[in-house]
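Novice: Input structure: data18.txt, which contains compact mmCIF, N, CA and C atoms.
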# COMPACT_ATOMS: atom_id res chain seq x y z
N MET A 6 -10.03 -3.05 5.16
CA MET A 6 -10.35 -1.72 4.65
C MET A 6 -10.31 -1.78 3.13
N PRO A 7 -11.45 -1.69 2.45
CA PRO A 7 -11.45 -1.68 0.99
C PRO A 7 -10.67 -0.47 0.46
N ASN A 8 -10.26 -0.57 -0.81
CA ASN A 8 -9.41 0.47 -1.40
C ASN A 8 -10.04 1.85 -1.36
N ASN A 9 -11.38 1.93 -1.53
CA ASN A 9 -12.00 3.25 -1.49
C ASN A 9 -11.93 3.83 -0.08
N GLN A 10 -11.93 2.98 0.93
CA GLN A 10 -11.76 3.47 2.30
C GLN A 10 -10.33 3.97 2.51
N LEU A 11 -9.37 3.32 1.89
CA LEU A 11 -7.98 3.77 1.98
C LEU A 11 -7.87 5.18 1.39
N LYS A 12 -8.49 5.37 0.24
CA LYS A 12 -8.47 6.68 -0.40
C LYS A 12 -9.15 7.72 0.50
N ASP A 13 -10.29 7.36 1.08
CA ASP A 13 -11.00 8.28 1.99
C ASP A 13 -10.17 8.59 3.23
N SER A 14 -9.49 7.58 3.76
CA SER A 14 -8.67 7.79 4.96
C SER A 14 -7.50 8.73 4.66
N LEU A 15 -6.88 8.55 3.50
CA LEU A 15 -5.78 9.44 3.13
C LEU A 15 -6.27 10.87 2.96
N LYS A 16 -7.48 11.02 2.42
CA LYS A 16 -8.06 12.37 2.28
C LYS A 16 -8.32 12.98 3.66
N LYS A 17 -8.82 12.16 4.59
CA LYS A 17 -9.07 12.66 5.95
C LYS A 17 -7.77 13.10 6.63
N ILE A 18 -6.72 12.34 6.42
CA ILE A 18 -5.41 12.71 6.99
C ILE A 18 -4.96 14.04 6.40
N LYS A 19 -5.13 14.21 5.10
CA LYS A 19 -4.77 15.48 4.47
C LYS A 19 -5.63 16.62 5.04
N ASP A 20 -6.92 16.35 5.24
CA ASP A 20 -7.81 17.38 5.81
C ASP A 20 -7.35 17.78 7.22
N ILE A 21 -6.90 16.81 8.00
CA ILE A 21 -6.41 17.10 9.35
C ILE A 21 -5.16 17.98 9.26
N ALA A 22 -4.25 17.62 8.37
CA ALA A 22 -3.03 18.42 8.21
C ALA A 22 -3.38 19.84 7.76
N ASP A 23 -4.33 19.94 6.83
CA ASP A 23 -4.77 21.26 6.37
C ASP A 23 -5.40 22.06 7.51
N TRP A 24 -6.15 21.38 8.38
CA TRP A 24 -6.79 22.05 9.52
C TRP A 24 -5.71 22.67 10.41
N PHE A 25 -4.65 21.90 10.70
CA PHE A 25 -3.56 22.43 11.52
C PHE A 25 -2.89 23.63 10.84
N ASP A 26 -2.69 23.52 9.53
CA ASP A 26 -2.05 24.61 8.80
C ASP A 26 -2.91 25.88 8.80
N SER A 27 -4.22 25.72 8.85
CA SER A 27 -5.12 26.88 8.76
C SER A 27 -5.34 27.59 10.11
N GLN A 28 -4.92 26.98 11.20
CA GLN A 28 -5.16 27.54 12.53
C GLN A 28 -4.10 28.57 12.89
N GLU A 29 -4.56 29.74 13.28
CA GLU A 29 -3.61 30.73 13.79
C GLU A 29 -3.20 30.38 15.21
N GLU A 30 -4.19 30.01 15.99
CA GLU A 30 -3.94 29.59 17.37
C GLU A 30 -4.75 28.31 17.60
N ILE A 31 -4.05 27.24 17.85
CA ILE A 31 -4.71 25.94 17.95
C ILE A 31 -5.24 25.71 19.36
N ASP A 32 -6.52 25.33 19.42
CA ASP A 32 -7.13 24.91 20.68
C ASP A 32 -6.54 23.55 21.04
N VAL A 33 -5.98 23.44 22.22
CA VAL A 33 -5.26 22.22 22.61
C VAL A 33 -6.17 21.00 22.57
N GLU A 34 -7.38 21.12 23.09
CA GLU A 34 -8.28 19.97 23.11
C GLU A 34 -8.66 19.53 21.69
N SER A 35 -8.98 20.50 20.85
CA SER A 35 -9.34 20.18 19.46
C SER A 35 -8.13 19.58 18.74
N GLY A 36 -6.96 20.16 18.98
CA GLY A 36 -5.75 19.65 18.36
C GLY A 36 -5.45 18.22 18.77
N LEU A 37 -5.64 17.93 20.05
CA LEU A 37 -5.41 16.58 20.54
C LEU A 37 -6.36 15.58 19.88
N GLU A 38 -7.61 15.95 19.74
CA GLU A 38 -8.58 15.07 19.08
C GLU A 38 -8.20 14.82 17.63
N LYS A 39 -7.74 15.86 16.96
CA LYS A 39 -7.31 15.71 15.56
C LYS A 39 -6.08 14.80 15.47
N VAL A 40 -5.15 14.94 16.40
CA VAL A 40 -3.96 14.09 16.41
C VAL A 40 -4.35 12.63 16.65
N LYS A 41 -5.26 12.39 17.58
CA LYS A 41 -5.71 11.02 17.85
C LYS A 41 -6.39 10.42 16.62
N GLU A 42 -7.24 11.21 15.98
CA GLU A 42 -7.93 10.74 14.78
C GLU A 42 -6.91 10.44 13.68
N GLY A 43 -5.95 11.34 13.50
CA GLY A 43 -4.93 11.15 12.48
C GLY A 43 -4.08 9.91 12.74
N ALA A 44 -3.72 9.70 13.99
CA ALA A 44 -2.90 8.54 14.35
C ALA A 44 -3.66 7.24 14.06
N LYS A 45 -4.94 7.22 14.37
CA LYS A 45 -5.76 6.04 14.10
C LYS A 45 -5.84 5.78 12.60
N LEU A 46 -6.06 6.83 11.83
CA LEU A 46 -6.15 6.70 10.38
C LEU A 46 -4.82 6.22 9.79
N ILE A 47 -3.72 6.77 10.28
CA ILE A 47 -2.40 6.37 9.78
C ILE A 47 -2.14 4.89 10.07
N LYS A 48 -2.50 4.45 11.25
CA LYS A 48 -2.30 3.04 11.61
C LYS A 48 -3.12 2.14 10.68
N GLU A 49 -4.37 2.51 10.44
CA GLU A 49 -5.22 1.72 9.55
C GLU A 49 -4.67 1.71 8.13
N CYS A 50 -4.19 2.85 7.67
CA CYS A 50 -3.62 2.94 6.32
C CYS A 50 -2.36 2.09 6.19
N ARG A 51 -1.51 2.12 7.20
CA ARG A 51 -0.28 1.31 7.16
C ARG A 51 -0.62 -0.17 7.05
N THR A 52 -1.62 -0.60 7.82
CA THR A 52 -2.03 -2.00 7.78
C THR A 52 -2.53 -2.37 6.40
N GLU A 53 -3.38 -1.53 5.83
CA GLU A 53 -3.92 -1.80 4.50
C GLU A 53 -2.83 -1.75 3.44
N LEU A 54 -1.93 -0.80 3.54
CA LEU A 54 -0.84 -0.71 2.57
C LEU A 54 0.07 -1.93 2.63
N LYS A 55 0.29 -2.46 3.83
CA LYS A 55 1.11 -3.67 3.99
C LYS A 55 0.42 -4.85 3.31
N LYS A 56 -0.91 -4.94 3.47
CA LYS A 56 -1.66 -6.01 2.80
C LYS A 56 -1.51 -5.89 1.29
N LEU A 57 -1.65 -4.67 0.78
CA LEU A 57 -1.53 -4.45 -0.66
C LEU A 57 -0.12 -4.78 -1.14
N GLU A 58 0.89 -4.41 -0.36
CA GLU A 58 2.26 -4.72 -0.72
C GLU A 58 2.46 -6.23 -0.81
N ASN A 59 1.90 -6.96 0.15
CA ASN A 59 2.01 -8.42 0.14
C ASN A 59 1.33 -9.01 -1.10
N GLU A 60 0.18 -8.45 -1.48
CA GLU A 60 -0.51 -8.93 -2.68
C GLU A 60 0.32 -8.67 -3.93
N PHE A 61 0.94 -7.48 -4.02
CA PHE A 61 1.80 -7.17 -5.16
C PHE A 61 2.97 -8.14 -5.23
N GLU A 62 3.57 -8.44 -4.09
CA GLU A 62 4.70 -9.37 -4.05
C GLU A 62 4.27 -10.76 -4.53
N LYS A 63 3.09 -11.17 -4.12
CA LYS A 63 2.57 -12.49 -4.52
C LYS A 63 2.38 -12.54 -6.03
N VAL A 64 1.78 -11.49 -6.60
CA VAL A 64 1.58 -11.43 -8.04
C VAL A 64 2.92 -11.43 -8.76
N LYS A 65 3.88 -10.68 -8.25
CA LYS A 65 5.22 -10.61 -8.84
C LYS A 65 5.87 -12.00 -8.86
N GLU A 66 5.76 -12.71 -7.74
CA GLU A 66 6.34 -14.06 -7.66
C GLU A 66 5.67 -15.00 -8.66
N GLU A 67 4.34 -14.90 -8.78
CA GLU A 67 3.62 -15.74 -9.73
C GLU A 67 4.06 -15.44 -11.16
N LEU A 68 4.25 -14.17 -11.48
CA LEU A 68 4.72 -13.81 -12.82
C LEU A 68 6.12 -14.34 -13.08
N GLU A 69 6.98 -14.25 -12.07
CA GLU A 69 8.34 -14.76 -12.23
C GLU A 69 8.34 -16.27 -12.43
N GLU A 70 7.46 -16.97 -11.70
CA GLU A 70 7.36 -18.42 -11.87
C GLU A 70 6.88 -18.75 -13.27
N ASP A 71 5.87 -18.02 -13.76
CA ASP A 71 5.36 -18.25 -15.11
C ASP A 71 6.45 -18.01 -16.15
N THR A 72 7.24 -16.96 -15.96
CA THR A 72 8.31 -16.62 -16.89
C THR A 72 9.37 -17.72 -16.88
N ASP A 73 9.73 -18.21 -15.70
CA ASP A 73 10.72 -19.28 -15.60
C ASP A 73 10.23 -20.54 -16.30
N ASN A 74 8.95 -20.88 -16.11
CA ASN A 74 8.38 -22.07 -16.73
C ASN A 74 8.34 -21.94 -18.25
N LYS A 75 8.00 -20.78 -18.75
CA LYS A 75 7.89 -20.59 -20.20
C LYS A 75 9.25 -20.56 -20.86
N GLU A 76 10.27 -20.08 -20.17
CA GLU A 76 11.62 -20.06 -20.75
C GLU A 76 12.09 -21.48 -21.02
N GLY A 77 11.79 -22.40 -20.14
CA GLY A 77 12.18 -23.79 -20.32
C GLY A 77 11.42 -24.45 -21.46
N GLU A 78 10.21 -24.04 -21.73
CA GLU A 78 9.39 -24.63 -22.79
C GLU A 78 9.89 -24.24 -24.17
N ASN A 79 10.46 -23.06 -24.32
CA ASN A 79 10.86 -22.54 -25.62
C ASN A 79 12.25 -23.01 -26.05
N GLU A 80 12.97 -23.64 -25.16
CA GLU A 80 14.32 -24.08 -25.50
C GLU A 80 14.25 -25.34 -26.37
N GLU A 81 15.15 -25.39 -27.36
CA GLU A 81 15.21 -26.58 -28.20
C GLU A 81 16.00 -27.66 -27.46
N PRO A 82 15.62 -28.87 -27.64
CA PRO A 82 16.35 -29.96 -26.96
C PRO A 82 17.78 -30.04 -27.49
N GLU A 83 18.70 -30.45 -26.62
CA GLU A 83 20.08 -30.59 -27.02
C GLU A 83 20.22 -31.76 -27.99
N GLU A 84 21.17 -31.59 -28.93
CA GLU A 84 21.43 -32.69 -29.84
C GLU A 84 22.31 -33.71 -29.14
N ILE A 85 21.97 -34.93 -29.33
CA ILE A 85 22.74 -36.00 -28.72
C ILE A 85 23.72 -36.52 -29.77
N PRO A 86 25.02 -36.49 -29.46
CA PRO A 86 25.99 -36.97 -30.45
C PRO A 86 25.91 -38.49 -30.60
N TYR A 87 26.17 -38.95 -31.82
CA TYR A 87 26.13 -40.39 -32.08
C TYR A 87 27.46 -41.02 -31.85
When written as structure tokens, how does the structure in this file appear?
Specialist:
Amino acid sequence: MPNNQLKDSLKKIKDIADWFDSQEEIDVESGLEKVKEGAKLIKECRTELKKLENEFEKVKEELEEDTDNKEGENEEPEEIPY
């Protein structure tokens, strides 16, 4: 699911929640269809968010590795006593 689809899915979930809020008396069949659609969207969003979280963690680890490597490069060598 590309990021723009994630954004669209989140908007659809909000629209479903707004639909429930706007109903004075909810038709059971229509409500059930909205719940099913919402559940499917939530599942897809969770999967995509987990992928994004994993990507962020990978980038974070790479940055930490780069920082560790550069810290060692900037240190002056120890003086060896005669």
Novice: So which one's closest to A:Leu57, A:Asp20, A:Leu11, A:Glu69, A:Ser27? Using only C-alpha atoms, please.
Specialist: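 Selected residue with least distance to A:Leu57: A:Leu11.
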Novice: Interatomic distance between atom N of A:Gly43 and atom CA of A:Ile18?
Specialist: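 About the pair atom N of A:Gly43 and atom CA of A:Ile18: they are 6.7 Å apart.
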Novice: Kindly provide, as AutoDock Vina command-line options, the centre and edge lengths (Å, one decimal) of an axis-aligned box around all atoms of stretch 45-48 of chain A given in the file, with 4 Å on each side.
Specialist:
--center_x -4.1 --center_y 4.7 --center_z 12.1 --size_x 12.0 --size_y 13.1 --size_z 12.6
Novice: Could you check how far atom N of A:Glu83 sits from atom N of A:Glu67, in Å to one decimal?
Specialist: 27.7 Å
Novice: Write down as a ChimeraX atom specification the residues of chain A whose backbone DSSP state falls under helix (DSSP H, G or I).
Specialist: /A:8-27,33-79
Novice: For stretch 31-42 of chain A, find every residue with an atom within 8 Å (counting only N, CA and C atoms), except residues of its own chain fewer than 6 positions away, and show them as a list in words.
Specialist: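 Once the adjacent positions are removed, what remains is Lys17, Ile18, Ile21, Ala22, Phe25 and Lys48 of chain A.
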Novice: One number please: atom CA of A:Lys56 to atom CA of A:Asp73, in Å, one decimal.
Specialist: 25.8 Å
